[in-house]
file target_18.txt (compact mmCIF, C-alpha atoms)
# COMPACT_ATOMS: atom_id res chain seq x y z
CA MET A 1 0.00 0.00 0.00
CA THR A 2 1.18 3.53 -0.79
CA GLY A 3 -0.55 6.22 1.30
CA GLY A 4 -3.70 4.06 1.50
CA MET A 5 -4.09 3.89 -2.29
CA ILE A 6 -3.87 0.56 -4.16
CA PRO A 7 -0.73 0.87 -6.32
CA GLY A 8 -0.74 0.00 -10.03
CA GLY A 9 -3.75 -1.97 -11.14
CA TRP A 10 -3.81 -1.01 -14.83
CA ASN A 11 -3.46 -4.69 -15.79
CA PHE A 12 -6.73 -5.44 -13.95
CA VAL A 13 -8.42 -2.44 -15.58
CA VAL A 14 -7.31 -3.55 -19.07
CA ALA A 15 -8.46 -7.12 -18.32
CA ALA A 16 -11.93 -5.95 -17.17
CA TYR A 17 -12.49 -3.69 -20.21
CA SER A 18 -11.17 -6.39 -22.58
CA VAL A 19 -13.48 -9.05 -21.12
CA THR A 20 -16.41 -6.60 -21.40
CA ALA A 21 -15.68 -5.78 -25.04
CA LEU A 22 -15.07 -9.44 -25.91
CA VAL A 23 -18.23 -10.81 -24.26
CA LEU A 24 -20.48 -8.09 -25.73
CA ALA A 25 -18.92 -8.44 -29.20
CA ILE A 26 -19.14 -12.25 -29.25
CA TYR A 27 -22.73 -12.25 -27.97
CA GLY A 28 -23.75 -9.50 -30.43
CA ALA A 29 -22.17 -11.43 -33.31
CA SER A 30 -23.93 -14.65 -32.24
CA VAL A 31 -27.34 -12.90 -32.14
CA ILE A 32 -26.79 -11.37 -35.60
CA ALA A 33 -25.64 -14.74 -37.01
CA ARG A 34 -28.73 -16.50 -35.58
CA LEU A 35 -30.98 -13.74 -36.96
CA ARG A 36 -29.46 -14.19 -40.43
CA ASP A 37 -29.91 -17.97 -40.26
CA GLU A 38 -33.55 -17.68 -39.20
CA THR A 39 -34.28 -15.01 -41.85
CA ARG A 40 -32.76 -17.26 -44.53
CA ARG A 41 -34.78 -20.24 -43.22
CA THR A 42 -38.00 -18.18 -43.29
CA ASP A 43 -37.28 -16.93 -46.83
CA ASP A 44 -36.67 -20.53 -48.06
CA MET B 45 -51.92 -15.58 -33.02
CA HIS B 46 -49.25 -12.89 -32.43
CA VAL B 47 -45.65 -14.00 -32.78
CA ASP B 48 -44.25 -10.97 -34.55
CA ASN B 49 -41.51 -8.93 -32.89
CA ASN B 50 -40.56 -7.07 -36.07
CA ARG B 51 -42.74 -3.94 -36.06
CA PHE B 52 -39.81 -1.53 -36.32
CA PRO B 53 -37.18 -3.38 -38.34
CA ARG B 54 -34.51 -0.65 -38.25
CA LEU B 55 -34.95 0.43 -34.63
CA PRO B 56 -32.71 -2.20 -32.95
CA TRP B 57 -29.87 -1.40 -35.35
CA ILE B 58 -30.09 2.33 -34.54
CA ILE B 59 -30.16 1.54 -30.80
CA LEU B 60 -27.19 -0.84 -31.25
CA VAL B 61 -25.09 1.89 -32.90
CA LEU B 62 -26.11 4.38 -30.18
CA GLY B 63 -25.04 1.85 -27.54
CA ILE B 64 -21.62 1.31 -29.13
CA VAL B 65 -21.07 5.10 -29.39
CA PHE B 66 -22.11 5.76 -25.77
CA LEU B 67 -20.03 2.85 -24.46
CA ALA B 68 -16.96 3.93 -26.47
CA ILE B 69 -17.14 7.56 -25.27
CA GLY B 70 -17.95 6.57 -21.67
CA SER B 71 -15.09 4.06 -21.57
CA TYR B 72 -12.67 6.62 -23.05
CA ILE B 73 -13.60 9.13 -20.32
CA GLY B 74 -13.47 6.41 -17.67
CA LEU B 75 -10.04 5.19 -18.76
CA PHE B 76 -8.25 8.40 -19.72
CA VAL B 77 -10.08 11.50 -18.42
CA ALA B 78 -11.50 10.64 -14.97
CA PRO B 79 -8.95 10.84 -12.14
CA PRO B 80 -7.93 7.77 -10.10
CA GLU B 81 -9.98 7.30 -6.92
CA ALA B 82 -8.37 8.20 -3.56
CA LEU B 83 -8.26 4.64 -2.14
CA MET B 84 -8.78 2.22 -5.03
CA GLY B 85 -6.52 4.15 -7.42
CA GLN B 86 -6.68 3.01 -11.05
CA VAL B 87 -8.62 -0.16 -10.17
CA GLN B 88 -11.72 1.98 -9.54
CA ARG B 89 -11.99 2.51 -13.34
CA ILE B 90 -13.43 -1.03 -13.50
CA MET B 91 -16.55 0.41 -11.80
CA TYR B 92 -17.44 2.30 -14.99
CA VAL B 93 -18.21 -1.00 -16.70
CA HIS B 94 -19.02 -3.19 -13.69
CA VAL B 95 -21.80 -1.05 -12.17
CA PRO B 96 -23.65 -0.40 -15.49
CA THR B 97 -23.43 -4.13 -16.26
CA ALA B 98 -24.99 -4.93 -12.87
CA TRP B 99 -27.84 -2.42 -13.33
CA ASN B 100 -28.63 -3.70 -16.80
CA ALA B 101 -28.37 -7.41 -15.88
CA LEU B 102 -30.97 -6.86 -13.15
CA LEU B 103 -33.09 -4.77 -15.52
CA ALA B 104 -33.03 -7.47 -18.23
CA LEU B 105 -34.10 -10.14 -15.75
CA THR B 106 -36.81 -7.86 -14.32
CA PHE B 107 -38.09 -7.40 -17.87
CA ALA B 108 -38.11 -11.21 -18.23
CA PHE B 109 -40.37 -11.34 -15.15
CA VAL B 110 -42.71 -8.74 -16.72
CA CYS B 111 -42.79 -10.74 -19.98
CA ALA B 112 -43.56 -13.96 -18.06
CA VAL B 113 -46.49 -12.36 -16.21
CA ILE B 114 -47.91 -10.80 -19.40
CA PHE B 115 -47.54 -14.11 -21.26
CA LEU B 116 -49.41 -16.02 -18.56
CA PHE B 117 -52.25 -13.48 -18.59
CA LYS B 118 -52.51 -12.81 -22.32
CA SER B 119 -51.11 -16.04 -23.88
CA ASP B 120 -49.53 -13.83 -26.52
CA TRP B 121 -46.54 -15.62 -28.09
CA LYS B 122 -44.54 -12.47 -28.70
CA TRP B 123 -44.15 -12.13 -24.91
CA ASP B 124 -42.76 -15.67 -24.74
CA ALA B 125 -40.18 -14.69 -27.37
CA ARG B 126 -39.36 -11.50 -25.45
CA MET B 127 -39.01 -13.49 -22.22
CA GLU B 128 -36.56 -15.92 -23.84
CA ALA B 129 -34.57 -13.00 -25.28
CA SER B 130 -34.37 -11.03 -22.04
CA ILE B 131 -33.39 -14.12 -20.01
CA GLU B 132 -30.55 -14.89 -22.42
CA VAL B 133 -29.30 -11.28 -22.43
CA GLY B 134 -29.64 -11.12 -18.62
CA VAL B 135 -27.60 -14.32 -18.21
CA VAL B 136 -24.86 -13.00 -20.53
CA LEU B 137 -24.72 -9.71 -18.59
CA GLY B 138 -24.79 -11.63 -15.28
CA PHE B 139 -21.86 -13.80 -16.38
CA LEU B 140 -19.98 -10.68 -17.52
CA LEU B 141 -20.80 -9.02 -14.19
CA CYS B 142 -19.22 -11.93 -12.26
CA CYS B 143 -16.08 -11.82 -14.46
CA GLN B 144 -15.66 -8.04 -13.98
CA GLY B 145 -16.34 -8.40 -10.25
CA SER B 146 -13.69 -11.10 -9.92
CA ILE B 147 -11.11 -8.96 -11.72
CA TRP B 148 -11.97 -6.04 -9.40
CA ALA B 149 -11.98 -8.25 -6.26
CA LYS B 150 -8.45 -9.60 -6.68
CA PRO B 151 -6.55 -6.30 -6.18
CA THR B 152 -9.05 -4.86 -3.66
CA TRP B 153 -10.11 -7.85 -1.52
CA GLY B 154 -7.11 -10.07 -2.30
CA VAL B 155 -9.27 -12.92 -3.64
CA TRP B 156 -10.94 -13.64 -7.00
CA TRP B 157 -14.16 -14.82 -5.36
CA ASP B 158 -15.77 -14.86 -1.93
CA TRP B 159 -19.03 -16.51 -0.89
CA ASP B 160 -20.36 -13.25 0.46
CA PRO B 161 -24.12 -12.51 0.26
CA ARG B 162 -23.99 -10.24 -2.83
CA LEU B 163 -21.75 -12.58 -4.83
CA THR B 164 -23.60 -15.72 -3.75
CA THR B 165 -27.07 -14.35 -4.58
CA THR B 166 -25.77 -13.11 -7.95
CA ALA B 167 -24.32 -16.54 -8.76
CA VAL B 168 -27.64 -18.16 -7.77
CA LEU B 169 -29.47 -15.69 -10.04
CA VAL B 170 -27.26 -16.45 -13.06
CA PHE B 171 -27.51 -20.24 -12.59
CA ALA B 172 -31.29 -20.12 -11.97
CA PHE B 173 -31.91 -18.30 -15.25
CA LEU B 174 -29.35 -20.49 -17.03
CA GLY B 175 -31.45 -23.42 -15.84
CA ILE B 176 -34.56 -21.85 -17.38
CA LEU B 177 -32.74 -21.51 -20.72
CA ALA B 178 -31.78 -25.21 -20.42
CA LEU B 179 -35.41 -26.07 -19.65
CA ARG B 180 -36.50 -24.24 -22.82
CA LYS B 181 -33.98 -26.28 -24.84
CA PHE B 182 -35.24 -29.63 -23.56
CA VAL B 183 -39.02 -29.11 -23.72
CA GLU B 184 -40.20 -29.58 -27.30
CA ASP B 185 -43.87 -28.72 -26.94
CA PRO B 186 -44.01 -24.90 -27.32
CA VAL B 187 -47.09 -24.48 -25.09
CA ARG B 188 -45.63 -26.46 -22.18
CA ARG B 189 -42.23 -24.82 -22.68
CA ALA B 190 -43.73 -21.33 -22.57
CA ILE B 191 -45.89 -21.96 -19.49
CA TRP B 192 -43.22 -23.84 -17.53
CA SER B 193 -40.52 -21.31 -18.27
CA ALA B 194 -42.83 -18.37 -17.47
CA VAL B 195 -43.63 -19.90 -14.06
CA ALA B 196 -39.92 -20.69 -13.47
CA THR B 197 -39.01 -17.12 -14.46
CA ILE B 198 -41.46 -15.68 -11.92
CA ILE B 199 -39.99 -17.93 -9.20
CA ALA B 200 -36.35 -17.15 -10.14
CA SER B 201 -37.12 -13.41 -10.26
CA VAL B 202 -37.59 -13.44 -6.49
CA ASP B 203 -33.78 -13.39 -6.34
CA VAL B 204 -33.54 -10.05 -8.21
CA PRO B 205 -34.52 -7.82 -5.25
CA ILE B 206 -32.54 -10.15 -2.94
CA VAL B 207 -29.40 -9.45 -5.01
CA TYR B 208 -30.08 -5.71 -4.90
CA TYR B 209 -30.75 -5.52 -1.15
CA SER B 210 -28.25 -8.22 -0.08
CA VAL B 211 -25.63 -5.58 0.80
CA ARG B 212 -28.14 -3.87 3.13
CA TRP B 213 -29.69 -6.97 4.66
CA TRP B 214 -26.50 -8.88 5.51
CA ASN B 215 -22.89 -8.12 6.40
CA SER B 216 -21.12 -8.03 3.07
CA LEU B 217 -17.63 -7.42 1.73
CA HIS B 218 -19.33 -5.71 -1.20
CA GLN B 219 -19.89 -1.99 -0.74
CA LEU B 220 -23.36 -0.41 -0.53
CA GLN B 221 -25.02 1.14 -3.59
CA SER B 222 -23.76 4.62 -4.47
CA SER B 223 -26.05 7.52 -5.32
CA PRO B 224 -25.34 10.81 -7.15
CA SER B 225 -24.90 12.43 -3.72
CA THR B 226 -22.12 9.98 -2.76
CA VAL B 227 -20.30 10.03 -6.12
CA SER B 228 -18.16 12.98 -7.22
CA ARG B 229 -19.13 14.70 -10.48
CA GLN B 230 -15.89 13.57 -12.18
CA PHE B 231 -16.92 9.92 -11.70
CA TRP B 232 -20.54 10.42 -12.72
CA LEU B 233 -20.14 11.13 -16.39
CA PRO B 234 -18.36 7.91 -17.47
CA LEU B 235 -20.66 5.91 -15.19
CA ARG B 236 -23.81 7.35 -16.75
CA MET B 237 -22.49 7.25 -20.32
CA ASN B 238 -21.66 3.56 -19.92
CA ALA B 239 -24.97 2.90 -18.14
CA PHE B 240 -26.84 4.28 -21.16
CA GLY B 241 -24.40 2.53 -23.54
CA ILE B 242 -25.04 -0.89 -22.00
CA LEU B 243 -28.78 -0.10 -21.68
CA PHE B 244 -28.96 0.60 -25.43
CA LEU B 245 -26.91 -2.51 -26.26
CA MET B 246 -29.10 -4.62 -23.97
CA THR B 247 -32.28 -3.24 -25.56
CA ALA B 248 -30.98 -3.87 -29.09
CA PHE B 249 -29.85 -7.41 -28.19
CA ILE B 250 -33.25 -8.21 -26.64
CA MET B 251 -35.11 -6.85 -29.69
CA LEU B 252 -32.94 -8.80 -32.16
CA ARG B 253 -32.93 -11.99 -30.07
CA ALA B 254 -36.73 -11.75 -29.67
CA ARG B 255 -36.99 -11.69 -33.49
CA VAL B 256 -34.96 -14.92 -33.64
CA ALA B 257 -37.21 -16.52 -31.02
CA SER B 258 -40.35 -15.28 -32.85
CA MET B 259 -39.20 -16.74 -36.17
CA ARG B 260 -38.45 -20.10 -34.52
CA LEU B 261 -41.86 -20.06 -32.84
CA LYS B 262 -43.57 -19.32 -36.16
CA HIS B 263 -42.00 -22.47 -37.63
CA GLU B 264 -42.98 -24.54 -34.59
CA ILE B 265 -46.61 -23.46 -34.26
CA ALA B 266 -47.40 -23.00 -37.95
CA PRO B 267 -50.23 -25.28 -39.09
CA PRO B 268 -49.31 -28.06 -41.54
CA PRO B 269 -49.34 -26.81 -45.18
CA ALA B 270 -52.57 -28.77 -45.99
CA LEU B 271 -54.45 -26.92 -43.22
CA GLY B 272 -52.75 -23.60 -43.83
CA GLY B 273 -55.25 -22.45 -46.49
CA ALA B 274 -58.27 -23.39 -44.40
CA ALA B 275 -57.09 -21.62 -41.24
call {"tool": "encode", "arguments": {"input": "target_18.txt", "output": "structure tokens"}}
result
Amino acid sequence: MTGGMIPGGWNFVVAAYSVTALVLAIYGASVIARLRDETRRTDD
Amino acid sequence: MHVDNNRFPRLPWIILVLGIVFLAIGSYIGLFVAPPEALMGQVQRIMYVHVPTAWNALLALTFAFVCAVIFLFKSDWKWDARMEASIEVGVVLGFLLCCQGSIWAKPTWGVWWDWDPRLTTTAVLVFAFLGILALRKFVEDPVRRAIWSAVATIIASVDVPIVYYSVRWWNSLHQLQSSPSTVSRQFWLPLRMNAFGILFLMTAFIMLRARVASMRLKHEIAPPPALGGAA
């Protein structure tokens, strides 16, 4: 501890933002892919 | 028979873009403009994504509860599709919430996970709704699936207020909820930008996922072709 403040921590911050971006992007892509599949199936 | 969730075809895409823009700007401010917090230092920047994810996960699952109640009263299939969509989005946000919380807990509490009331009730919430998604996968009859999962959703939703109030009801490592009066103005802006960003993304995901569920339902409950003309 330095003066009561947690030192460093950028690696945890980068990890949290990366996980957030990755999970949202992968889920968004999966929803769009499923929507395309279902639209194609409905059109057929 | 209403199954359609496609009244405004372009709306979810507009909301999706808005969400990405808000989240990008909010995260930029949170990472590079807002100052480090007095005690948590840089680690506090995780709050700008963790807290909005928590709010929106609970909101998505509360919406699932509303959809379940409306479905049981009105037997309108579009609410079954919306329930499925909001449960799935709520589970994804709940899983993300636990990951972000773990990453924040390690430098602040010294552990990745602790069975404290807030974390335990959140884990129960995620697994309960994951179970409902599994139930929907295994039940083939759409009527039974819709009724059973609506009832299960109402039961599982009891945990939503428990998660929210767990930090007030029991001794918890997790801090109490903040309010605008307890958060400095410099920390507000990225928090609110990201809250709206994730809210828009969540709304767009639910709308698009409900369309997928509606299209699947249409295939399942459509009358056989021979009867189609007579119906």
call {"tool": "closest_residue", "arguments": {"input": "target_18.txt", "among": "B:Val202, B:Ile64, B:Leu102, B:Leu169", "to": "A:Ala25", "atoms": "all atoms listed in the file"}}
result
B:Ile64
call {"tool": "closest_atom_pairs", "arguments": {"input": "target_18.txt", "of": "chain A", "to": "chain B", "cutoff": "8 Å", "atoms": "all atoms listed in the file", "output": "CSV"}}
result
residue,atom,partner,partner_atom,distance
A:Gly4,CA,B:Leu83,CA,5.9
A:Met5,CA,B:Leu83,CA,4.2
A:Ile6,CA,B:Met84,CA,5.3
A:Pro7,CA,B:Gly85,CA,6.7
A:Gly8,CA,B:Gln86,CA,6.7
A:Gly9,CA,B:Val87,CA,5.3
A:Trp10,CA,B:Gln86,CA,6.2
A:Phe12,CA,B:Ile147,CA,6.0
A:Val13,CA,B:Ile90,CA,5.6
A:Ala15,CA,B:Ile147,CA,7.3
A:Ala16,CA,B:Gln144,CA,5.3
A:Tyr17,CA,B:Val93,CA,7.2
A:Val19,CA,B:Gln144,CA,7.5
A:Thr20,CA,B:Leu140,CA,6.7
A:Val23,CA,B:Leu140,CA,7.0
A:Tyr27,CA,B:Val136,CA,7.8
A:Gly28,CA,B:Phe249,CA,6.8
A:Val31,CA,B:Arg253,CA,6.0
A:Ile32,CA,B:Leu252,CA,7.5
A:Arg34,CA,B:Val256,CA,6.7
A:Leu35,CA,B:Val256,CA,5.3
A:Glu38,CA,B:Val256,CA,6.4
A:Thr39,CA,B:Met259,CA,7.7
A:Thr42,CA,B:Met259,CA,7.4
call {"tool": "closest_residue", "arguments": {"input": "target_18.txt", "among": "B:Ser130, B:Ser222, B:Thr166, B:Ser228", "to": "B:Phe107", "atoms": "all atoms listed in the file"}}
result
B:Ser130
call {"tool": "atom_distance", "arguments": {"input": "target_18.txt", "atom1": "atom CA of B:Ser223", "atom2": "atom CA of B:Met237"}}
result
15.4 Å
call {"tool": "atom_distance", "arguments": {"input": "target_18.txt", "atom1": "atom CA of B:Phe244", "atom2": "atom CA of B:Leu62"}}
result
6.7 Å
call {"tool": "build_atoms", "arguments": {"input": "target_18.txt", "residues": "stretch 8-31 of chain A", "atoms": "N, CA, C and O atoms", "output": "short mmCIF file (atom, residue, chain, number, x, y, z; two decimals), keeping the file's coordinate frame"}}
result
data_model
loop_
_atom_site.label_atom_id
_atom_site.label_comp_id
_atom_site.auth_asym_id
_atom_site.auth_seq_id
_atom_site.Cartn_x
_atom_site.Cartn_y
_atom_site.Cartn_z
N GLY A 8 -0.62 0.69 -8.73
CA GLY A 8 -0.74 0.00 -10.03
C GLY A 8 -2.17 -0.33 -10.35
O GLY A 8 -3.08 0.47 -10.12
N GLY A 9 -2.39 -1.52 -10.89
CA GLY A 9 -3.75 -1.97 -11.14
C GLY A 9 -4.21 -1.82 -12.57
O GLY A 9 -5.30 -2.26 -12.91
N TRP A 10 -3.39 -1.20 -13.43
CA TRP A 10 -3.81 -1.01 -14.83
C TRP A 10 -4.06 -2.34 -15.53
O TRP A 10 -4.93 -2.43 -16.38
N ASN A 11 -3.25 -3.38 -15.16
CA ASN A 11 -3.46 -4.69 -15.79
C ASN A 11 -4.86 -5.24 -15.51
O ASN A 11 -5.50 -5.82 -16.39
N PHE A 12 -5.37 -4.98 -14.28
CA PHE A 12 -6.73 -5.44 -13.95
C PHE A 12 -7.77 -4.62 -14.72
O PHE A 12 -8.78 -5.15 -15.17
N VAL A 13 -7.48 -3.32 -14.85
CA VAL A 13 -8.42 -2.44 -15.58
C VAL A 13 -8.50 -2.89 -17.05
O VAL A 13 -9.60 -3.05 -17.61
N VAL A 14 -7.35 -3.12 -17.67
CA VAL A 14 -7.31 -3.55 -19.07
C VAL A 14 -8.03 -4.89 -19.22
O VAL A 14 -8.82 -5.09 -20.16
N ALA A 15 -7.81 -5.80 -18.26
CA ALA A 15 -8.46 -7.12 -18.32
C ALA A 15 -9.98 -6.96 -18.25
O ALA A 15 -10.71 -7.58 -19.04
N ALA A 16 -10.47 -6.12 -17.34
CA ALA A 16 -11.93 -5.95 -17.17
C ALA A 16 -12.57 -5.35 -18.43
O ALA A 16 -13.61 -5.82 -18.89
N TYR A 17 -11.93 -4.32 -19.00
CA TYR A 17 -12.49 -3.69 -20.21
C TYR A 17 -12.41 -4.65 -21.40
O TYR A 17 -13.31 -4.67 -22.25
N SER A 18 -11.32 -5.44 -21.46
CA SER A 18 -11.17 -6.39 -22.58
C SER A 18 -12.24 -7.48 -22.50
O SER A 18 -12.85 -7.83 -23.51
N VAL A 19 -12.46 -8.01 -21.29
CA VAL A 19 -13.48 -9.05 -21.12
C VAL A 19 -14.86 -8.49 -21.50
O VAL A 19 -15.64 -9.14 -22.20
N THR A 20 -15.12 -7.23 -21.09
CA THR A 20 -16.41 -6.60 -21.40
C THR A 20 -16.60 -6.50 -22.91
O THR A 20 -17.64 -6.90 -23.45
N ALA A 21 -15.57 -5.96 -23.59
CA ALA A 21 -15.68 -5.78 -25.04
C ALA A 21 -15.84 -7.13 -25.74
O ALA A 21 -16.66 -7.28 -26.65
N LEU A 22 -15.05 -8.11 -25.28
CA LEU A 22 -15.07 -9.44 -25.91
C LEU A 22 -16.43 -10.13 -25.75
O LEU A 22 -17.00 -10.63 -26.73
N VAL A 23 -16.94 -10.13 -24.52
CA VAL A 23 -18.23 -10.81 -24.26
C VAL A 23 -19.35 -10.14 -25.04
O VAL A 23 -20.16 -10.81 -25.70
N LEU A 24 -19.41 -8.80 -25.01
CA LEU A 24 -20.48 -8.09 -25.73
C LEU A 24 -20.36 -8.30 -27.23
O LEU A 24 -21.37 -8.50 -27.92
N ALA A 25 -19.12 -8.26 -27.75
CA ALA A 25 -18.92 -8.44 -29.20
C ALA A 25 -19.29 -9.86 -29.63
O ALA A 25 -20.00 -10.05 -30.64
N ILE A 26 -18.84 -10.86 -28.88
CA ILE A 26 -19.14 -12.25 -29.25
C ILE A 26 -20.65 -12.51 -29.16
O ILE A 26 -21.23 -13.10 -30.07
N TYR A 27 -21.29 -12.02 -28.10
CA TYR A 27 -22.73 -12.25 -27.97
C TYR A 27 -23.50 -11.53 -29.09
O TYR A 27 -24.40 -12.11 -29.71
N GLY A 28 -23.10 -10.26 -29.36
CA GLY A 28 -23.75 -9.50 -30.43
C GLY A 28 -23.62 -10.22 -31.76
O GLY A 28 -24.59 -10.35 -32.51
N ALA A 29 -22.41 -10.71 -32.05
CA ALA A 29 -22.17 -11.43 -33.31
C ALA A 29 -23.02 -12.70 -33.37
O ALA A 29 -23.56 -13.05 -34.43
N SER A 30 -23.15 -13.40 -32.24
CA SER A 30 -23.93 -14.65 -32.24
C SER A 30 -25.42 -14.36 -32.49
O SER A 30 -26.09 -15.10 -33.19
N VAL A 31 -25.92 -13.26 -31.92
CA VAL A 31 -27.34 -12.90 -32.14
C VAL A 31 -27.56 -12.55 -33.61
O VAL A 31 -28.53 -13.01 -34.23
#
